[in-house]
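Participant: Have a peek at work.cif (mmCIF, C-alpha atoms and all ligand atoms).
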data_input
#
loop_
_atom_site.label_atom_id
_atom_site.label_comp_id
_atom_site.auth_asym_id
_atom_site.auth_seq_id
_atom_site.Cartn_x
_atom_site.Cartn_y
_atom_site.Cartn_z
CA MET A 1 -17.03 20.07 -47.70
CA PHE A 2 -14.73 17.04 -47.68
CA GLY A 3 -11.78 19.18 -46.65
CA LEU A 4 -13.35 19.92 -43.25
CA GLU A 5 -12.42 17.93 -40.18
CA LEU A 6 -15.15 15.56 -39.06
CA GLU A 7 -15.27 17.15 -35.60
CA LYS A 8 -16.03 20.52 -37.11
CA LEU A 9 -18.70 19.01 -39.33
CA LEU A 10 -20.42 17.39 -36.39
CA ASP A 11 -19.83 20.44 -34.18
CA VAL A 12 -18.79 18.27 -31.22
CA GLN A 13 -18.93 20.07 -27.89
CA GLU A 14 -16.21 19.35 -25.37
CA GLU A 15 -17.86 17.93 -22.28
CA TYR A 16 -16.68 16.52 -18.98
CA ARG A 17 -16.82 12.73 -18.93
CA ARG A 18 -17.74 10.89 -15.75
CA VAL A 19 -16.72 7.36 -14.70
CA GLU A 20 -20.17 6.20 -15.83
CA ASP A 21 -19.38 7.39 -19.34
CA TYR A 22 -16.66 4.72 -19.58
CA GLN A 23 -18.80 1.86 -18.33
CA GLY A 24 -19.82 -0.68 -20.92
CA ALA A 25 -21.98 -3.81 -20.60
CA THR A 26 -23.21 -5.13 -17.24
CA VAL A 27 -20.34 -6.90 -15.52
CA ARG A 28 -20.75 -10.68 -15.27
CA TRP A 29 -17.71 -11.56 -13.18
CA CYS A 30 -18.33 -13.38 -9.89
CA SER A 31 -18.95 -11.11 -6.93
CA GLY A 32 -15.68 -10.62 -5.11
CA CYS A 33 -13.65 -11.20 -8.27
CA GLY A 34 -10.52 -9.03 -8.28
CA ASP A 35 -11.10 -8.16 -11.93
CA ASN A 36 -13.76 -5.71 -10.73
CA SER A 37 -11.14 -3.69 -8.89
CA ILE A 38 -8.91 -3.50 -11.99
CA LEU A 39 -11.87 -2.38 -14.09
CA THR A 40 -12.70 0.39 -11.62
CA ALA A 41 -9.09 1.61 -11.57
CA VAL A 42 -9.00 1.78 -15.37
CA GLN A 43 -12.35 3.57 -15.63
CA ARG A 44 -11.10 6.07 -13.04
CA LEU A 45 -7.93 6.59 -15.07
CA LEU A 46 -9.83 7.33 -18.27
CA ARG A 47 -12.07 9.74 -16.37
CA ASP A 48 -9.10 11.51 -14.75
CA GLU A 49 -7.27 11.76 -18.07
CA GLN A 50 -10.53 12.71 -19.83
CA ILE A 51 -9.75 10.34 -22.66
CA PRO A 52 -12.46 10.37 -25.33
CA PRO A 53 -13.88 6.81 -25.43
CA GLU A 54 -13.24 6.67 -29.17
CA LYS A 55 -9.53 7.27 -28.52
CA ALA A 56 -9.08 4.19 -26.33
CA VAL A 57 -8.99 0.58 -27.37
CA PHE A 58 -9.01 -2.45 -25.07
CA ILE A 59 -7.66 -5.71 -26.42
CA SER A 60 -7.87 -9.04 -24.63
CA GLY A 61 -7.37 -12.74 -25.21
CA ILE A 62 -9.72 -15.38 -23.81
CA GLY A 63 -10.52 -15.96 -20.15
CA CYS A 64 -12.63 -14.39 -17.41
CA SER A 65 -10.33 -11.36 -17.29
CA SER A 66 -10.46 -11.09 -21.05
CA ARG A 67 -14.10 -10.04 -20.84
CA PHE A 68 -12.64 -6.64 -19.93
CA PRO A 69 -13.28 -4.88 -23.28
CA HIS A 70 -17.02 -5.62 -23.01
CA TYR A 71 -17.15 -3.69 -19.77
CA MET A 72 -15.52 -0.55 -21.14
CA ASN A 73 -17.29 2.02 -23.20
CA ALA A 74 -14.45 2.32 -25.72
CA TYR A 75 -13.21 0.38 -28.70
CA GLY A 76 -12.47 -3.25 -27.91
CA PHE A 77 -11.27 -6.50 -29.38
CA HIS A 78 -12.01 -9.74 -27.47
CA ALA A 79 -9.52 -11.77 -29.43
CA VAL A 80 -8.15 -15.30 -29.47
CA HIS A 81 -6.55 -17.11 -26.53
CA GLY A 82 -2.98 -15.85 -26.10
CA ARG A 83 -3.10 -13.49 -29.07
CA ALA A 84 -4.03 -10.15 -27.55
CA LEU A 85 -0.53 -8.70 -27.89
CA PRO A 86 0.04 -9.11 -31.64
CA ILE A 87 -3.40 -7.66 -32.25
CA ALA A 88 -2.59 -4.72 -29.99
CA GLU A 89 0.67 -4.19 -31.89
CA GLY A 90 -1.19 -4.17 -35.19
CA VAL A 91 -3.64 -1.60 -33.87
CA LYS A 92 -0.89 0.60 -32.48
CA ILE A 93 1.22 0.61 -35.63
CA ARG A 94 -1.72 1.67 -37.79
CA ARG A 95 -3.42 3.95 -35.26
CA PRO A 96 -0.72 5.60 -33.12
CA ASP A 97 -3.31 8.15 -32.02
CA LEU A 98 -5.21 5.51 -30.01
CA HIS A 99 -4.43 4.67 -26.39
CA VAL A 100 -3.93 0.92 -26.43
CA PHE A 101 -4.67 -1.20 -23.35
CA VAL A 102 -4.23 -4.97 -23.13
CA ASN A 103 -5.89 -7.19 -20.52
CA MET A 104 -4.91 -10.84 -20.21
CA GLY A 105 -5.07 -13.66 -17.71
CA ASP A 106 -1.97 -15.48 -16.49
CA GLY A 107 -2.84 -18.52 -18.62
CA ASP A 108 -3.46 -16.26 -21.59
CA CYS A 109 -0.15 -14.39 -21.31
CA PHE A 110 2.28 -16.82 -19.66
CA SER A 111 1.13 -20.08 -21.21
CA ILE A 112 -0.35 -20.03 -24.71
CA GLY A 113 0.76 -16.42 -25.25
CA THR A 114 4.35 -16.74 -24.01
CA ALA A 115 6.07 -16.07 -27.34
CA HIS A 116 3.98 -12.94 -27.91
CA TRP A 117 4.70 -11.71 -24.40
CA ILE A 118 8.47 -11.98 -24.91
CA HIS A 119 8.48 -10.32 -28.31
CA ALA A 120 6.03 -7.62 -27.27
CA ILE A 121 8.39 -6.61 -24.46
CA ARG A 122 11.26 -6.43 -26.96
CA TYR A 123 9.21 -4.41 -29.46
CA ASN A 124 8.33 -2.04 -26.60
CA MET A 125 5.39 -0.43 -28.37
CA ASN A 126 3.42 2.27 -26.57
CA MET A 127 0.69 0.48 -24.64
CA VAL A 128 -0.41 -0.53 -21.16
CA VAL A 129 -0.39 -4.29 -20.59
CA MET A 130 -2.20 -5.63 -17.54
CA VAL A 131 -1.97 -9.27 -16.58
CA HIS A 132 -4.71 -10.33 -14.17
CA ASP A 133 -2.77 -13.04 -12.34
CA ASN A 134 -5.07 -15.25 -10.25
CA GLU A 135 -2.59 -18.12 -10.60
CA VAL A 136 -5.22 -20.43 -12.11
CA TYR A 137 -7.32 -20.86 -15.25
CA GLY A 138 -10.60 -19.31 -14.13
CA LEU A 139 -12.88 -19.47 -17.17
CA THR A 140 -12.24 -23.14 -17.82
CA LYS A 141 -12.81 -23.94 -14.13
CA LYS A 142 -9.58 -24.39 -12.22
CA GLN A 143 -6.75 -25.87 -14.24
CA VAL A 144 -3.12 -25.33 -13.27
CA SER A 145 -1.49 -22.18 -14.66
CA PRO A 146 2.21 -21.36 -15.17
CA THR A 147 2.07 -19.12 -12.10
CA SER A 148 0.27 -21.64 -9.86
CA PRO A 149 2.39 -22.21 -6.76
CA ARG A 150 3.98 -25.61 -6.26
CA GLY A 151 1.62 -28.00 -4.51
CA LEU A 152 -1.57 -26.24 -5.65
CA ARG A 153 -4.40 -28.71 -6.14
CA THR A 154 -6.33 -28.03 -9.31
CA ASN A 155 -8.42 -30.13 -11.66
CA THR A 156 -5.33 -30.93 -13.72
CA THR A 157 -3.04 -31.39 -10.70
CA PRO A 158 -5.21 -33.24 -8.17
CA TYR A 159 -2.12 -34.24 -6.18
CA GLY A 160 -0.68 -30.76 -6.26
CA ALA A 161 1.24 -28.78 -8.91
CA PRO A 162 4.61 -30.50 -9.25
CA LEU A 163 6.62 -27.44 -10.36
CA GLU A 164 7.46 -24.07 -8.88
CA GLY A 165 5.39 -21.27 -10.38
CA LEU A 166 6.94 -19.10 -13.08
CA ASN A 167 7.98 -15.63 -11.91
CA PRO A 168 6.68 -13.23 -14.59
CA LEU A 169 8.59 -10.29 -13.11
CA THR A 170 12.07 -11.81 -13.36
CA VAL A 171 11.31 -13.17 -16.83
CA THR A 172 10.10 -9.80 -18.10
CA LEU A 173 13.06 -7.99 -16.57
CA GLY A 174 15.38 -10.29 -18.49
CA ILE A 175 14.01 -9.44 -21.93
CA THR A 176 15.93 -7.07 -24.19
CA ASN A 177 14.32 -3.61 -24.44
CA VAL A 178 12.17 -4.02 -21.34
CA SER A 179 11.19 -0.50 -20.30
CA PHE A 180 8.54 -0.69 -17.52
CA VAL A 181 7.73 -3.44 -15.06
CA ALA A 182 5.40 -3.10 -12.09
CA ASN A 183 3.76 -5.42 -9.62
CA ALA A 184 0.39 -4.69 -8.03
CA VAL A 185 -2.34 -6.31 -5.96
CA GLU A 186 -5.96 -5.55 -6.77
CA TRP A 187 -6.95 -5.25 -3.09
CA MET A 188 -4.94 -2.01 -2.70
CA PRO A 189 -7.00 0.13 -5.10
CA ASP A 190 -5.09 3.37 -4.56
CA VAL A 191 -1.72 1.78 -5.26
CA LEU A 192 -3.16 -0.15 -8.20
CA TYR A 193 -4.52 3.08 -9.64
CA GLN A 194 -1.20 4.90 -9.22
CA ILE A 195 0.68 2.08 -10.95
CA ILE A 196 -1.70 1.93 -13.91
CA ARG A 197 -1.56 5.70 -14.23
CA GLN A 198 2.23 5.70 -14.24
CA GLY A 199 2.11 2.95 -16.84
CA PHE A 200 -0.24 5.05 -18.94
CA HIS A 201 2.20 7.98 -18.90
CA HIS A 202 5.19 5.80 -19.66
CA LYS A 203 6.72 5.97 -23.13
CA GLY A 204 6.88 2.35 -24.25
CA LEU A 205 5.23 -0.87 -23.14
CA ALA A 206 4.14 -0.76 -19.49
CA PHE A 207 3.98 -4.32 -18.18
CA ILE A 208 1.84 -4.52 -15.05
CA ARG A 209 1.37 -7.83 -13.28
CA ILE A 210 -1.59 -7.69 -10.91
CA LEU A 211 -2.24 -10.36 -8.30
CA GLN A 212 -5.98 -10.95 -8.52
CA ARG A 213 -8.30 -12.95 -6.31
CA CYS A 214 -10.50 -15.68 -7.77
CA PRO A 215 -13.21 -16.11 -5.11
CA THR A 216 -14.73 -19.11 -6.89
CA TYR A 217 -11.79 -21.46 -7.46
CA LEU A 218 -9.05 -20.23 -5.13
CA PRO A 219 -10.78 -18.12 -2.48
CA HIS A 220 -7.93 -18.41 0.06
CA LEU A 221 -4.86 -18.35 -2.18
CA PHE A 222 -3.74 -14.85 -1.23
CA ASP A 223 -4.94 -14.92 2.40
CA PRO A 224 -1.41 -15.01 3.83
CA ILE A 225 -0.36 -11.80 2.07
CA ILE A 226 -3.73 -10.13 2.64
CA HIS A 227 -3.86 -10.86 6.36
CA ASP A 228 -0.22 -9.99 7.03
CA PRO A 229 0.59 -6.60 5.43
CA ASN A 230 4.28 -7.15 6.22
CA LYS A 231 4.34 -9.83 3.55
CA LEU A 232 4.18 -7.01 1.01
CA LEU A 233 7.18 -4.76 0.40
CA ILE A 234 5.93 -1.41 -0.87
CA LEU A 235 8.40 0.26 -3.22
CA THR A 236 8.09 4.01 -3.09
CA HIS A 237 9.91 6.68 -5.06
CA GLU A 238 9.33 10.08 -6.57
CA ASN A 239 9.43 8.35 -9.98
CA GLY A 240 7.30 5.51 -8.70
CA ILE A 241 4.39 5.43 -6.30
CA GLN A 242 3.75 7.10 -2.97
CA LEU A 243 1.85 5.56 -0.10
CA ASP A 244 -1.09 7.45 1.37
CA PRO A 245 -0.27 8.27 5.05
CA GLU A 246 -3.20 6.17 6.31
CA LEU A 247 -2.14 3.18 4.21
CA ALA A 248 1.45 3.69 5.32
CA LYS A 249 0.34 2.97 8.90
CA ILE A 250 -0.87 -0.47 7.80
CA TYR A 251 1.79 -1.31 5.23
CA LYS A 252 4.86 -0.57 7.29
CA ASN A 253 7.19 -2.66 5.18
CA GLN A 254 8.31 0.05 2.76
CA MET A 255 11.42 0.73 0.79
CA GLU A 256 12.64 3.59 -1.33
CA HIS A 257 13.48 2.09 -4.73
CA ASP A 258 14.66 4.04 -7.75
CA PRO A 259 12.98 2.39 -10.78
CA ALA A 260 16.00 3.38 -12.91
CA ASP A 261 18.09 0.68 -11.19
CA ILE A 262 17.60 -2.53 -13.19
CA HIS A 263 19.93 -4.62 -11.05
CA LYS A 264 18.04 -3.78 -7.89
CA ALA A 265 14.78 -4.29 -9.78
CA ARG A 266 15.83 -7.83 -10.71
CA GLU A 267 16.86 -8.57 -7.15
CA LEU A 268 13.55 -7.29 -5.77
CA ALA A 269 11.57 -9.11 -8.45
CA SER A 270 12.97 -12.45 -7.40
CA SER A 271 11.62 -12.10 -3.87
CA LEU A 272 8.48 -14.15 -3.19
CA ASP A 273 8.37 -13.23 0.50
CA PRO A 274 7.89 -10.33 0.87
CA VAL A 275 6.14 -9.64 -2.43
CA PRO A 276 7.42 -6.37 -3.96
CA ILE A 277 4.63 -3.94 -4.86
CA GLY A 278 5.22 -0.85 -6.96
CA ILE A 279 7.26 0.14 -9.97
CA LEU A 280 10.28 -2.09 -10.22
CA TYR A 281 11.78 -0.72 -13.39
CA ARG A 282 11.26 2.20 -15.71
CA ASN A 283 13.39 3.51 -18.57
CA GLU A 284 12.02 5.99 -21.09
CA ASN A 285 15.13 5.84 -23.28
CA VAL A 286 14.42 2.43 -24.74
CA PRO A 287 13.44 2.64 -28.42
CA THR A 288 9.82 1.89 -29.21
CA TYR A 289 9.08 -0.08 -32.36
CA ASP A 290 6.08 2.04 -33.32
CA GLU A 291 8.23 5.18 -33.32
CA LEU A 292 11.14 3.53 -35.11
CA ARG A 293 8.83 2.37 -37.86
CA ARG A 294 6.85 5.58 -38.13
CA PRO A 295 7.40 7.00 -41.60
CA LYS A 296 9.96 9.80 -41.44
CA ARG A 297 8.33 11.54 -44.39
CA GLN A 298 5.10 13.40 -43.74
CA VAL A 299 2.57 12.16 -46.31
CA THR A 300 0.19 15.00 -47.18
CA LEU A 301 -3.26 14.69 -48.70
CA GLU A 302 -1.88 16.12 -51.94
CA MET A 303 0.82 13.47 -52.07
CA ARG A 304 -1.77 10.72 -51.53
CA LYS A 305 -4.01 12.20 -54.24
CA ALA A 306 -1.11 12.44 -56.71
CA ALA A 307 -0.12 8.82 -56.03
CA LEU A 308 -3.71 7.66 -56.54
CA GLU A 309 -4.08 9.69 -59.76
CA LYS A 310 -0.90 8.11 -61.09
CA GLN A 311 -2.31 4.66 -60.44
CA PHE A 312 -5.70 5.54 -61.96
CA ASP A 313 -3.96 6.94 -65.05
CA LYS A 314 -2.65 3.47 -65.79
CA PHE A 315 -6.23 2.35 -66.43
CA GLY A 316 -7.45 5.53 -68.14
CA VAL A 317 -8.40 5.54 -71.80
CA ASN A 318 -6.55 8.59 -72.96
CA PRO A 319 -7.50 9.69 -76.48
CA VAL A 320 -4.76 12.33 -76.61
C1 LIG A 401 -6.64 -22.09 -28.42
C2 LIG A 401 -7.40 -22.27 -27.17
N1 LIG A 401 -6.97 -23.15 -26.23
C3 LIG A 401 -7.66 -23.29 -25.09
C4 LIG A 401 -8.80 -22.59 -24.85
C5 LIG A 401 -9.57 -22.79 -23.57
N2 LIG A 401 -9.37 -21.72 -22.64
C6 LIG A 401 -10.20 -20.67 -22.60
S1 LIG A 401 -9.78 -19.57 -21.41
C7 LIG A 401 -8.48 -20.52 -20.92
C8 LIG A 401 -7.58 -20.13 -19.78
C9 LIG A 401 -8.12 -19.05 -18.93
O1 LIG A 401 -7.23 -18.75 -17.89
P1 LIG A 401 -6.51 -17.36 -17.74
O2 LIG A 401 -5.89 -16.93 -19.01
O3 LIG A 401 -5.59 -17.44 -16.57
O4 LIG A 401 -7.69 -16.33 -17.47
P2 LIG A 401 -8.80 -16.25 -16.32
O5 LIG A 401 -10.01 -16.98 -16.84
O6 LIG A 401 -8.25 -16.89 -15.08
O7 LIG A 401 -9.04 -14.79 -16.17
C10 LIG A 401 -8.38 -21.67 -21.70
C11 LIG A 401 -7.35 -22.72 -21.51
C12 LIG A 401 -9.21 -21.66 -25.84
N3 LIG A 401 -10.28 -20.89 -25.67
N4 LIG A 401 -8.50 -21.54 -26.97
#
What would you get if you wrote out this structure as structure tokens?

Facilitator:
Amino acid sequence: MFGLELEKLLDVQEEYRRVEDYQGATVRWCSGCGDNSILTAVQRLLRDEQIPPEKAVFISGIGCSSRFPHYMNAYGFHAVHGRALPIAEGVKIRRPDLHVFVNMGDGDCFSIGTAHWIHAIRYNMNMVVMVHDNEVYGLTKKQVSPTSPRGLRTNTTPYGAPLEGLNPLTVTLGITNVSFVANAVEWMPDVLYQIIRQGFHHKGLAFIRILQRCPTYLPHLFDPIIHDPNKLLILTHENGIQLDPELAKIYKNQMEHDPADIHKARELASSLDPVPIGILYRNENVPTYDELRRPKRQVTLEMRKAALEKQFDKFGVNPV
């Protein structure tokens, strides 16, 4: 009996899963919060890929965006502020069969979690990392974040943020072993979906920075780039994303960009106006830590049993 696979024991029937089957607890984000759009894109992805909920795990830090795992019907770990990535790495190394997704805020990833962000990029483990970048600390009610633009008035910078905001794209593209970097905006759901899907199919760590509206604390922050579509530069490519013909009529500022070109990716990433949207860089040949560390030797059940027996024998009272 114990030799049978659990699935066979339970006689599980394959069934088609709908978007609703991936929905978790009732969403408590503010209405109009861009996190809702990211959640929808991810639920759509799991539906389209027909991923069994028990084969996906969502790991987050602390923040509004980090409530993400609660809203998915899958495994989840709402962790500690800034520590989502090392937890995700631990999960991936022990359970390579799981699809690992990480959701963090900009404060979570680029402030308290900076060291983990840098090393996670270098380790390049197979996972999709989404940073919900609203350029402010949302959960703790409007403090300055590393990506807040210079001059932004927040509760911790009442006279305006004194420094230029950090550019997460150029930083990430400068880290050894970087293998996938994309930039998205949550108010273009089709493009967002395409980017997350490409990230999901990428071998290695897919780093996706998503500009995300916070309607409560910074309701007008992204107005300039929302109201003027030419302030976005849409990067299209056969190995990247394609623009729907109707969207292409609105977003006329487009450019063919081959994500294999890291130098061009770095140049595009440093542009703040227009904001590049799409897949900046992609390289499947970068080693992934989880594969490098995977045991070369296949450990069979018999080998495990023999090893256990040997250990037990040490404590056995053997009259012979
Ligand atoms: C160690 C630690 N320091 C500080 C906090 C307080 N704190 C909770 S969430 C947060 C920042 C949230 O901002 P962000 O990561 O950008 O996510 P958002 O809420 O905007 O989605 C902070 C400072 C904490 N929970 N733990």

Participant: Contacts of stretch 211-214 of chain A at 8 Å or less, counting only C-alpha atoms, minus same-chain residues fewer than 5 places along, as a PyMOL selection string?

Facilitator: chain A and resi 32-35+132-134+138+183-187+219+221-222

Participant: Would you write out, as CSV, a table of all residues in chain A that have an atom no more than 7 Å from an atom of ligand LIG 401 (chain A), listing for each the closest atom pair and the distance in Å to one decimal, considering all atoms listed in the file and ordering rows by chain and rising residue number?

Facilitator:
residue,atom,partner,partner_atom,distance
A:Ile62,CA,A:LIG401,S1,4.8
A:Gly63,CA,A:LIG401,O5,3.5
A:Cys64,CA,A:LIG401,O5,3.7
A:Ser65,CA,A:LIG401,O7,3.8
A:Ser66,CA,A:LIG401,O7,6.3
A:Val80,CA,A:LIG401,N4,6.7
A:His81,CA,A:LIG401,N4,4.9
A:Met104,CA,A:LIG401,O2,6.3
A:Gly105,CA,A:LIG401,O2,3.6
A:Asp106,CA,A:LIG401,O3,4.1
A:Gly107,CA,A:LIG401,O2,3.5
A:Asp108,CA,A:LIG401,O2,3.6
A:Cys109,CA,A:LIG401,O2,6.7
A:His132,CA,A:LIG401,O7,6.5
A:Asp133,CA,A:LIG401,O3,6.7
A:Asn134,CA,A:LIG401,O6,6.0
A:Glu135,CA,A:LIG401,O3,6.7
A:Val136,CA,A:LIG401,O3,5.4
A:Tyr137,CA,A:LIG401,O1,3.4
A:Gly138,CA,A:LIG401,O6,3.5
A:Leu139,CA,A:LIG401,O5,3.8
A:Thr140,CA,A:LIG401,C7,5.5
A:Ser145,CA,A:LIG401,O3,6.6

Participant: So the first atom is atom CA of A:Gly174 and the second is atom CA of A:Ser270; what is the distance between them in Å, to one decimal place?

Facilitator: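 For atom CA of A:Gly174 relative to atom CA of A:Ser270, the distance reads 11.6 Å.
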
Participant: Between A:Ile279, A:Val57, A:Ala182, A:Val317, which residue has the minimum interatomic distance to A:His99, considering only C-alpha atoms?

Facilitator: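 Checking each candidate against A:His99, we get A:Val57 as the closest.
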
Participant: A:Val102: which residues within 12 Å, counting only C-alpha atoms, same-chain residues fewer than 4 positions away excluded, as JSON, numbers by chain?

Facilitator: {"A": [42, 56, 57, 58, 59, 60, 61, 62, 65, 66, 67, 68, 69, 75, 76, 77, 78, 79, 82, 83, 84, 85, 86, 87, 88, 89, 91, 92, 108, 109, 117, 120, 125, 126, 127, 128, 129, 130, 131, 132, 196, 199, 200, 205, 206, 207, 208, 209]}

Participant: Set the distance at 12 Å and use only C-alpha atoms: which residues neighbour A:Leu169 once local chain neighbours fewer than 2 positions away are removed? I'd like the list as a PyMOL selection string.

Facilitator: chain A and resi 110+118+121+131+133+147+165-167+171-175+178+180-184+207-211+262+265-272+275-281

Participant: Choose the residue, out of A:His237, A:Arg304, A:Arg197, A:Arg94, that has the smallest atom-to-atom separation from A:Asp290; count all atoms listed in the file.

Facilitator: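 So, comparing all the options, the nearest one is A:Arg94.
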
Participant: Between A:Ile225, A:Ala306, A:Ala260, A:Ile93, which residue has the minimum interatomic distance to A:Arg293, considering only C-alpha atoms?

Facilitator: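 When distances to A:Arg293 are compared using only C-alpha atoms, the smallest one comes from A:Ile93.
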
Participant: Which value, in Å to one decimal, gives the distance between atom CA of A:Thr26 and atom CA of A:Asp97?

Facilitator: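 Distance reported for this atom pair: 28.1 Å.
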
Participant: Determine the nearest neighbour of A:Pro162 from the options A:Gln43, A:Ser148, A:Gln198, A:Thr176, counting all atoms listed in the file.

Facilitator: A:Ser148

Participant: Measure the distance from atom CA of A:Tyr193 to atom CA of A:Asp48 in Å and round it to one decimal.

Facilitator: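 About the pair atom CA of A:Tyr193 and atom CA of A:Asp48: they are 10.9 Å apart.
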
Participant: With distances taken over all atoms listed in the file, which of A:Asn124, A:Lys231, A:Pro158, A:Pro245 is nearest to A:Leu292?

Facilitator: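 Counting all atoms listed in the file, the residue closest to A:Leu292 is A:Asn124.
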
Participant: Calculated over all atoms listed in the file, which of the candidates A:Ile234, A:Met72, A:Val19, A:Leu45 has the smallest distance to A:Leu247?

Facilitator: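 So, comparing all the options, the nearest one is A:Ile234.
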